[in-house]
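Since the structure comes first, as C-alpha cells, the remarks are kept for the end.
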Amino acid sequence: MNKKEIENIITDYRKLRTQHPDYWLIDCAAATSLEHAVEMAATARNLVGRKHPHQFRIQNSVLQDFSLSLLSIKFEIREAASFRLLYSLVDGCRIKGISDLTIYDTSHRIGCFLNLFPEEVYLHSGTRKGAEIILGKIMGKTILVEQLPPLFNSGLSPSELEDMLCIYKSALQDSLINKRTNKC
C-alpha cells in the first residue's frame, strides 16, 4: 500500500465521520446518568430509539438481557479507571448472542459517558481483517497504534483507527491485490 492510498483512506474517513457522526457515541456521552448510558449502550439505541446497524441482527430481548447484566455491576463500571478495565467488565457480562463487536461497541459507548477511551486498537472480526491486511496474522484482541505503519499514526485515535480499519478493509484488500497483480 503506498503513501497516497493511505492518505486518501484517512482523508475519506475523516470526511465520512464529519458528515456522519456516530450519534450512539454522542448520545451516550450526553446521557443523564450512568444507568441511562449503560442501557442505551447495551441495547444499541440512540436518544431517538434507533438501533445501531452493528447490532441490528441481535434480538432486542438479548440486548435487553445484556443491559440488565451490565446494570447489575454498575458500581464496578462507575469505578473503572481505564478503558481496558471497562472493556473487561463489559466482556465479563457477555451472554449468548453477544459478539466481540457488541462488547467493544458497548464498552466504547459507556466509555464516552465515563470519559474513558481506548488506548489500543481493539480487534473484532472486521477490524482484525483490516489490520491483518496491513500487518499479517495477529494474535490477541488488540494492537498498539505504533504497530501500524507510521502513516496511520496521523492524529487518529485508537477508536478512530478501529473504525477506519473496519470500514476500509475492502479498500485495503483491493489495494493489496492491485499491488500484487501489478508486480512483474
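Residues in the C-alpha cells are named by chain (A, B, ... in the order shown) and by number from 1 within that chain; ligands are numbered from 1 in the order shown.
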
Exercise: segment 98-101 of chain A partners within 9 Å, only C-alpha atoms, chain neighbours under 6 positions left out, as an MDAnalysis selection string: chainID A and resid 54:55 58 62:63 66 91 123:126

Generate a file of the selected residues that holds C-alpha atoms, formatted as a compact mmCIF listing (two decimals), in the first residue's frame.
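In the end it all went to again.txt:
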# COMPACT_ATOMS: atom_id res chain seq x y z
CA HIS A 54 -23.82 -3.19 14.07
CA GLN A 55 -26.35 -4.75 16.43
CA ILE A 58 -29.29 -9.17 17.58
CA VAL A 62 -30.84 -10.42 24.06
CA LEU A 63 -29.71 -6.79 24.14
CA PHE A 66 -27.23 -7.81 28.29
CA ASP A 91 -16.86 -8.66 28.47
CA LEU A 123 -9.81 -6.12 17.11
CA HIS A 124 -13.16 -7.68 16.33
CA SER A 125 -13.85 -9.54 13.10
CA GLY A 126 -13.95 -6.58 10.67

List the neighbours of Phe117 of chain A out to 10 Å using only C-alpha atoms; skip same-chain residues closer than 6 positions along the sequence, and give me the result as a PDB file with N, CA and C atoms, in the first residue's frame.
ATOM      1  N   SER A  82      -9.874   2.706  33.682  1.00  0.00           N
ATOM      2  CA  SER A  82      -9.330   2.709  32.324  1.00  0.00           C
ATOM      3  C   SER A  82     -10.318   2.041  31.377  1.00  0.00           C
ATOM      4  N   PHE A  83     -10.133   2.300  30.099  1.00  0.00           N
ATOM      5  CA  PHE A  83     -10.982   1.648  29.112  1.00  0.00           C
ATOM      6  C   PHE A  83     -10.756   0.146  29.138  1.00  0.00           C
ATOM      7  N   ARG A  84      -9.518  -0.265  29.317  1.00  0.00           N
ATOM      8  CA  ARG A  84      -9.198  -1.698  29.352  1.00  0.00           C
ATOM      9  C   ARG A  84      -9.991  -2.399  30.457  1.00  0.00           C
ATOM     10  N   LEU A  86     -12.800  -1.245  31.863  1.00  0.00           N
ATOM     11  CA  LEU A  86     -14.209  -1.165  31.462  1.00  0.00           C
ATOM     12  C   LEU A  86     -14.539  -2.275  30.468  1.00  0.00           C
ATOM     13  N   SER A 107     -18.730  -1.104  25.247  1.00  0.00           N
ATOM     14  CA  SER A 107     -17.664  -0.526  26.084  1.00  0.00           C
ATOM     15  C   SER A 107     -17.327   0.886  25.619  1.00  0.00           C
ATOM     16  N   HIS A 108     -17.243   1.069  24.320  1.00  0.00           N
ATOM     17  CA  HIS A 108     -16.904   2.381  23.764  1.00  0.00           C
ATOM     18  C   HIS A 108     -17.987   3.403  24.099  1.00  0.00           C
ATOM     19  N   ARG A 109     -19.243   3.010  23.967  1.00  0.00           N
ATOM     20  CA  ARG A 109     -20.347   3.930  24.266  1.00  0.00           C
ATOM     21  C   ARG A 109     -20.362   4.307  25.747  1.00  0.00           C
ATOM     22  N   ILE A 110     -20.228   3.309  26.629  1.00  0.00           N
ATOM     23  CA  ILE A 110     -20.188   3.595  28.068  1.00  0.00           C
ATOM     24  C   ILE A 110     -18.947   4.425  28.392  1.00  0.00           C
ATOM     25  N   GLY A 111     -17.841   4.086  27.750  1.00  0.00           N
ATOM     26  CA  GLY A 111     -16.607   4.836  27.952  1.00  0.00           C
ATOM     27  C   GLY A 111     -16.759   6.305  27.609  1.00  0.00           C
ATOM     28  N   SER A 157      -7.293   8.698  16.708  1.00  0.00           N
ATOM     29  CA  SER A 157      -7.269   7.995  17.989  1.00  0.00           C
ATOM     30  C   SER A 157      -7.362   6.486  17.746  1.00  0.00           C
ATOM     31  N   PRO A 158      -7.038   5.675  18.744  1.00  0.00           N
ATOM     32  CA  PRO A 158      -7.197   4.224  18.574  1.00  0.00           C
ATOM     33  C   PRO A 158      -8.625   3.824  18.181  1.00  0.00           C
ATOM     34  N   SER A 159      -9.627   4.485  18.734  1.00  0.00           N
ATOM     35  CA  SER A 159     -11.008   4.135  18.363  1.00  0.00           C
ATOM     36  C   SER A 159     -11.319   4.542  16.925  1.00  0.00           C
TER      37      SER A 159
END

Report task. For Arg128 of chain A, please output as JSON, numbers by chain all residues within 9 Å (counting only C-alpha atoms; exclusion window: fewer than 4 positions along the same chain). Result -> {"A": [122, 123, 124, 132, 133, 137, 138, 141, 142, 162, 165, 166, 169]}

Mind writing the picked residues with C-alpha atoms as a PDB file, in the first residue's frame?
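As written to disk, result_28.pdb reads:
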ATOM      1  CA  TYR A 122      -9.415  -3.330  19.648  1.00  0.00           C
ATOM      2  CA  LEU A 123      -9.813  -6.116  17.108  1.00  0.00           C
ATOM      3  CA  HIS A 124     -13.160  -7.678  16.331  1.00  0.00           C
ATOM      4  CA  GLU A 132      -4.207  -8.244   9.101  1.00  0.00           C
ATOM      5  CA  ILE A 133      -4.191  -6.959   5.520  1.00  0.00           C
ATOM      6  CA  LYS A 137      -1.625 -12.606  11.143  1.00  0.00           C
ATOM      7  CA  ILE A 138      -2.327 -11.026  14.534  1.00  0.00           C
ATOM      8  CA  LYS A 141      -7.513  -8.835  20.927  1.00  0.00           C
ATOM      9  CA  THR A 142      -5.657  -5.543  20.472  1.00  0.00           C
ATOM     10  CA  GLU A 162     -10.515   0.704  14.810  1.00  0.00           C
ATOM     11  CA  LEU A 165      -9.742  -0.368   9.606  1.00  0.00           C
ATOM     12  CA  CYS A 166     -13.173  -1.971   9.731  1.00  0.00           C
ATOM     13  CA  LYS A 169     -10.949  -3.286   4.957  1.00  0.00           C
TER      14      LYS A 169
END

Picked from segment 2-182 of chain A by DSSP as strand (DSSP E or B), as a ChimeraX atom specification: /A:45,51,121-122,142-143

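Nearest-residue note for Pro149 of chain A: choosing from A:Lys3, A:His20, A:Arg78, A:Lys15, the minimum distance belongs to A:Lys3, counting only C-alpha atoms.
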
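As for atom CA of Thr32 of chain A and atom CA of Gly49 of chain A, they are spaced 15.5 Å apart.
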
If you count only C-alpha atoms, which residues fall within 10 Å of Ala44 of chain A, apart from same-chain ones fewer than 3 positions away, as a list in words?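 Returned residues: Trp24, Leu25, Cys28, Val38, Glu39, Met40, Ala41, Gly49, Arg50, Lys51, His52, Pro53, His54, Gln55, Phe56, Ile58, Asn60, Leu63, Gln64, Ser67, Thr102, Asp105, Thr106 and Arg109 of chain A.
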
Selection above as a file: C-alpha atoms, as an mmCIF file, in the first residue's frame:
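Just written: part_38.cif:
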data_model
loop_
_atom_site.group_PDB
_atom_site.id
_atom_site.type_symbol
_atom_site.label_atom_id
_atom_site.label_comp_id
_atom_site.auth_asym_id
_atom_site.auth_seq_id
_atom_site.Cartn_x
_atom_site.Cartn_y
_atom_site.Cartn_z
ATOM 1 C CA TRP A 24 -24.761 6.448 19.513
ATOM 2 C CA LEU A 25 -21.438 7.595 20.995
ATOM 3 C CA CYS A 28 -24.215 8.000 25.413
ATOM 4 C CA VAL A 38 -25.457 1.699 30.100
ATOM 5 C CA GLU A 39 -28.996 0.983 28.921
ATOM 6 C CA MET A 40 -28.545 2.936 25.677
ATOM 7 C CA ALA A 41 -25.102 1.404 25.084
ATOM 8 C CA GLY A 49 -34.542 4.958 19.818
ATOM 9 C CA ARG A 50 -32.780 3.959 16.611
ATOM 10 C CA LYS A 51 -30.836 0.698 16.841
ATOM 11 C CA HIS A 52 -27.213 0.778 15.687
ATOM 12 C CA PRO A 53 -26.614 -1.150 12.428
ATOM 13 C CA HIS A 54 -23.823 -3.191 14.071
ATOM 14 C CA GLN A 55 -26.347 -4.747 16.431
ATOM 15 C CA PHE A 56 -29.318 -4.786 14.064
ATOM 16 C CA ILE A 58 -29.292 -9.171 17.575
ATOM 17 C CA ASN A 60 -33.923 -6.935 21.280
ATOM 18 C CA LEU A 63 -29.711 -6.788 24.137
ATOM 19 C CA GLN A 64 -32.115 -6.057 26.988
ATOM 20 C CA SER A 67 -28.232 -4.379 29.579
ATOM 21 C CA THR A 102 -21.004 -5.717 20.553
ATOM 22 C CA ASP A 105 -19.240 -1.039 20.856
ATOM 23 C CA THR A 106 -20.943 -1.199 24.249
ATOM 24 C CA ARG A 109 -20.347 3.930 24.266
#

Handout entry: Those of segment 68-147 of chain A in DSSP helix (DSSP H, G or I), formatted as number ranges by chain
Key = A: 68-71, 74-79, 83-92, 100-114, 125-135, 145-147

Pull C-alpha atoms from the residues just selected and write them as a PDB file, in the first residue's frame.
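Full text of result08.pdb as output:
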ATOM      1  CA  LEU A  68     -29.615  -5.890  32.795  1.00  0.00           C
ATOM      2  CA  SER A  69     -26.419  -7.895  33.254  1.00  0.00           C
ATOM      3  CA  LEU A  70     -24.342  -4.717  32.935  1.00  0.00           C
ATOM      4  CA  LEU A  71     -26.607  -2.746  35.244  1.00  0.00           C
ATOM      5  CA  LYS A  74     -22.958  -0.529  37.594  1.00  0.00           C
ATOM      6  CA  PHE A  75     -20.897   0.286  40.694  1.00  0.00           C
ATOM      7  CA  GLU A  76     -17.867  -1.540  39.279  1.00  0.00           C
ATOM      8  CA  ILE A  77     -18.419   0.157  35.921  1.00  0.00           C
ATOM      9  CA  ARG A  78     -18.563   3.578  37.587  1.00  0.00           C
ATOM     10  CA  GLU A  79     -15.237   2.877  39.323  1.00  0.00           C
ATOM     11  CA  PHE A  83     -10.982   1.648  29.112  1.00  0.00           C
ATOM     12  CA  ARG A  84      -9.198  -1.698  29.352  1.00  0.00           C
ATOM     13  CA  LEU A  85     -10.821  -2.361  32.745  1.00  0.00           C
ATOM     14  CA  LEU A  86     -14.209  -1.165  31.462  1.00  0.00           C
ATOM     15  CA  TYR A  87     -13.905  -3.492  28.455  1.00  0.00           C
ATOM     16  CA  SER A  88     -13.050  -6.372  30.774  1.00  0.00           C
ATOM     17  CA  LEU A  89     -16.114  -5.660  32.928  1.00  0.00           C
ATOM     18  CA  VAL A  90     -18.397  -5.486  29.884  1.00  0.00           C
ATOM     19  CA  ASP A  91     -16.859  -8.664  28.468  1.00  0.00           C
ATOM     20  CA  GLY A  92     -17.469 -10.373  31.802  1.00  0.00           C
ATOM     21  CA  ASP A 100     -16.839  -9.229  20.253  1.00  0.00           C
ATOM     22  CA  LEU A 101     -18.108  -6.303  18.161  1.00  0.00           C
ATOM     23  CA  THR A 102     -21.004  -5.717  20.553  1.00  0.00           C
ATOM     24  CA  ILE A 103     -18.667  -5.944  23.566  1.00  0.00           C
ATOM     25  CA  TYR A 104     -16.403  -3.313  22.003  1.00  0.00           C
ATOM     26  CA  ASP A 105     -19.240  -1.039  20.856  1.00  0.00           C
ATOM     27  CA  THR A 106     -20.943  -1.199  24.249  1.00  0.00           C
ATOM     28  CA  SER A 107     -17.664  -0.526  26.084  1.00  0.00           C
ATOM     29  CA  HIS A 108     -16.904   2.381  23.764  1.00  0.00           C
ATOM     30  CA  ARG A 109     -20.347   3.930  24.266  1.00  0.00           C
ATOM     31  CA  ILE A 110     -20.188   3.595  28.068  1.00  0.00           C
ATOM     32  CA  GLY A 111     -16.607   4.836  27.952  1.00  0.00           C
ATOM     33  CA  CYS A 112     -17.777   8.019  26.248  1.00  0.00           C
ATOM     34  CA  PHE A 113     -20.037   8.698  29.242  1.00  0.00           C
ATOM     35  CA  LEU A 114     -17.224   7.928  31.712  1.00  0.00           C
ATOM     36  CA  SER A 125     -13.847  -9.538  13.098  1.00  0.00           C
ATOM     37  CA  GLY A 126     -13.953  -6.581  10.674  1.00  0.00           C
ATOM     38  CA  THR A 127     -11.152  -4.584  12.252  1.00  0.00           C
ATOM     39  CA  ARG A 128      -8.989  -7.689  12.508  1.00  0.00           C
ATOM     40  CA  LYS A 129      -9.392  -8.245   8.743  1.00  0.00           C
ATOM     41  CA  GLY A 130      -8.313  -4.688   8.011  1.00  0.00           C
ATOM     42  CA  ALA A 131      -5.352  -4.848  10.394  1.00  0.00           C
ATOM     43  CA  GLU A 132      -4.207  -8.244   9.101  1.00  0.00           C
ATOM     44  CA  ILE A 133      -4.191  -6.959   5.520  1.00  0.00           C
ATOM     45  CA  ILE A 134      -1.588  -4.459   6.675  1.00  0.00           C
ATOM     46  CA  LEU A 135       0.280  -6.426   9.356  1.00  0.00           C
ATOM     47  CA  VAL A 145      -1.117   2.221  17.312  1.00  0.00           C
ATOM     48  CA  GLU A 146       2.677   2.043  16.971  1.00  0.00           C
ATOM     49  CA  GLN A 147       2.368  -1.382  15.337  1.00  0.00           C
TER      50      GLN A 147
END

Per residue of segment 70-157 of chain A within 12 Å of segment 10-14 of chain A, note the shortest atom pair and the distance in Å to one decimal, counting only C-alpha atoms, and order the rows by chain and increasing residue number, as a Markdown table.
| residue | atom | partner | partner_atom | distance |
| --- | --- | --- | --- | --- |
| A:Leu151 | CA | A:Ile10 | CA | 9.2 |
| A:Phe152 | CA | A:Ile10 | CA | 7.8 |
| A:Asn153 | CA | A:Ile10 | CA | 10.1 |
| A:Ser154 | CA | A:Ile10 | CA | 8.3 |
| A:Gly155 | CA | A:Ile10 | CA | 10.0 |
| A:Leu156 | CA | A:Ile10 | CA | 8.6 |
| A:Ser157 | CA | A:Arg14 | CA | 11.6 |

Between A:Tyr23, A:Lys96, A:Ala80, A:Ser61, single out the one closest to Val48 of chain A, counting only C-alpha atoms.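 Counting only C-alpha atoms, the residue closest to Val48 of chain A is A:Tyr23.
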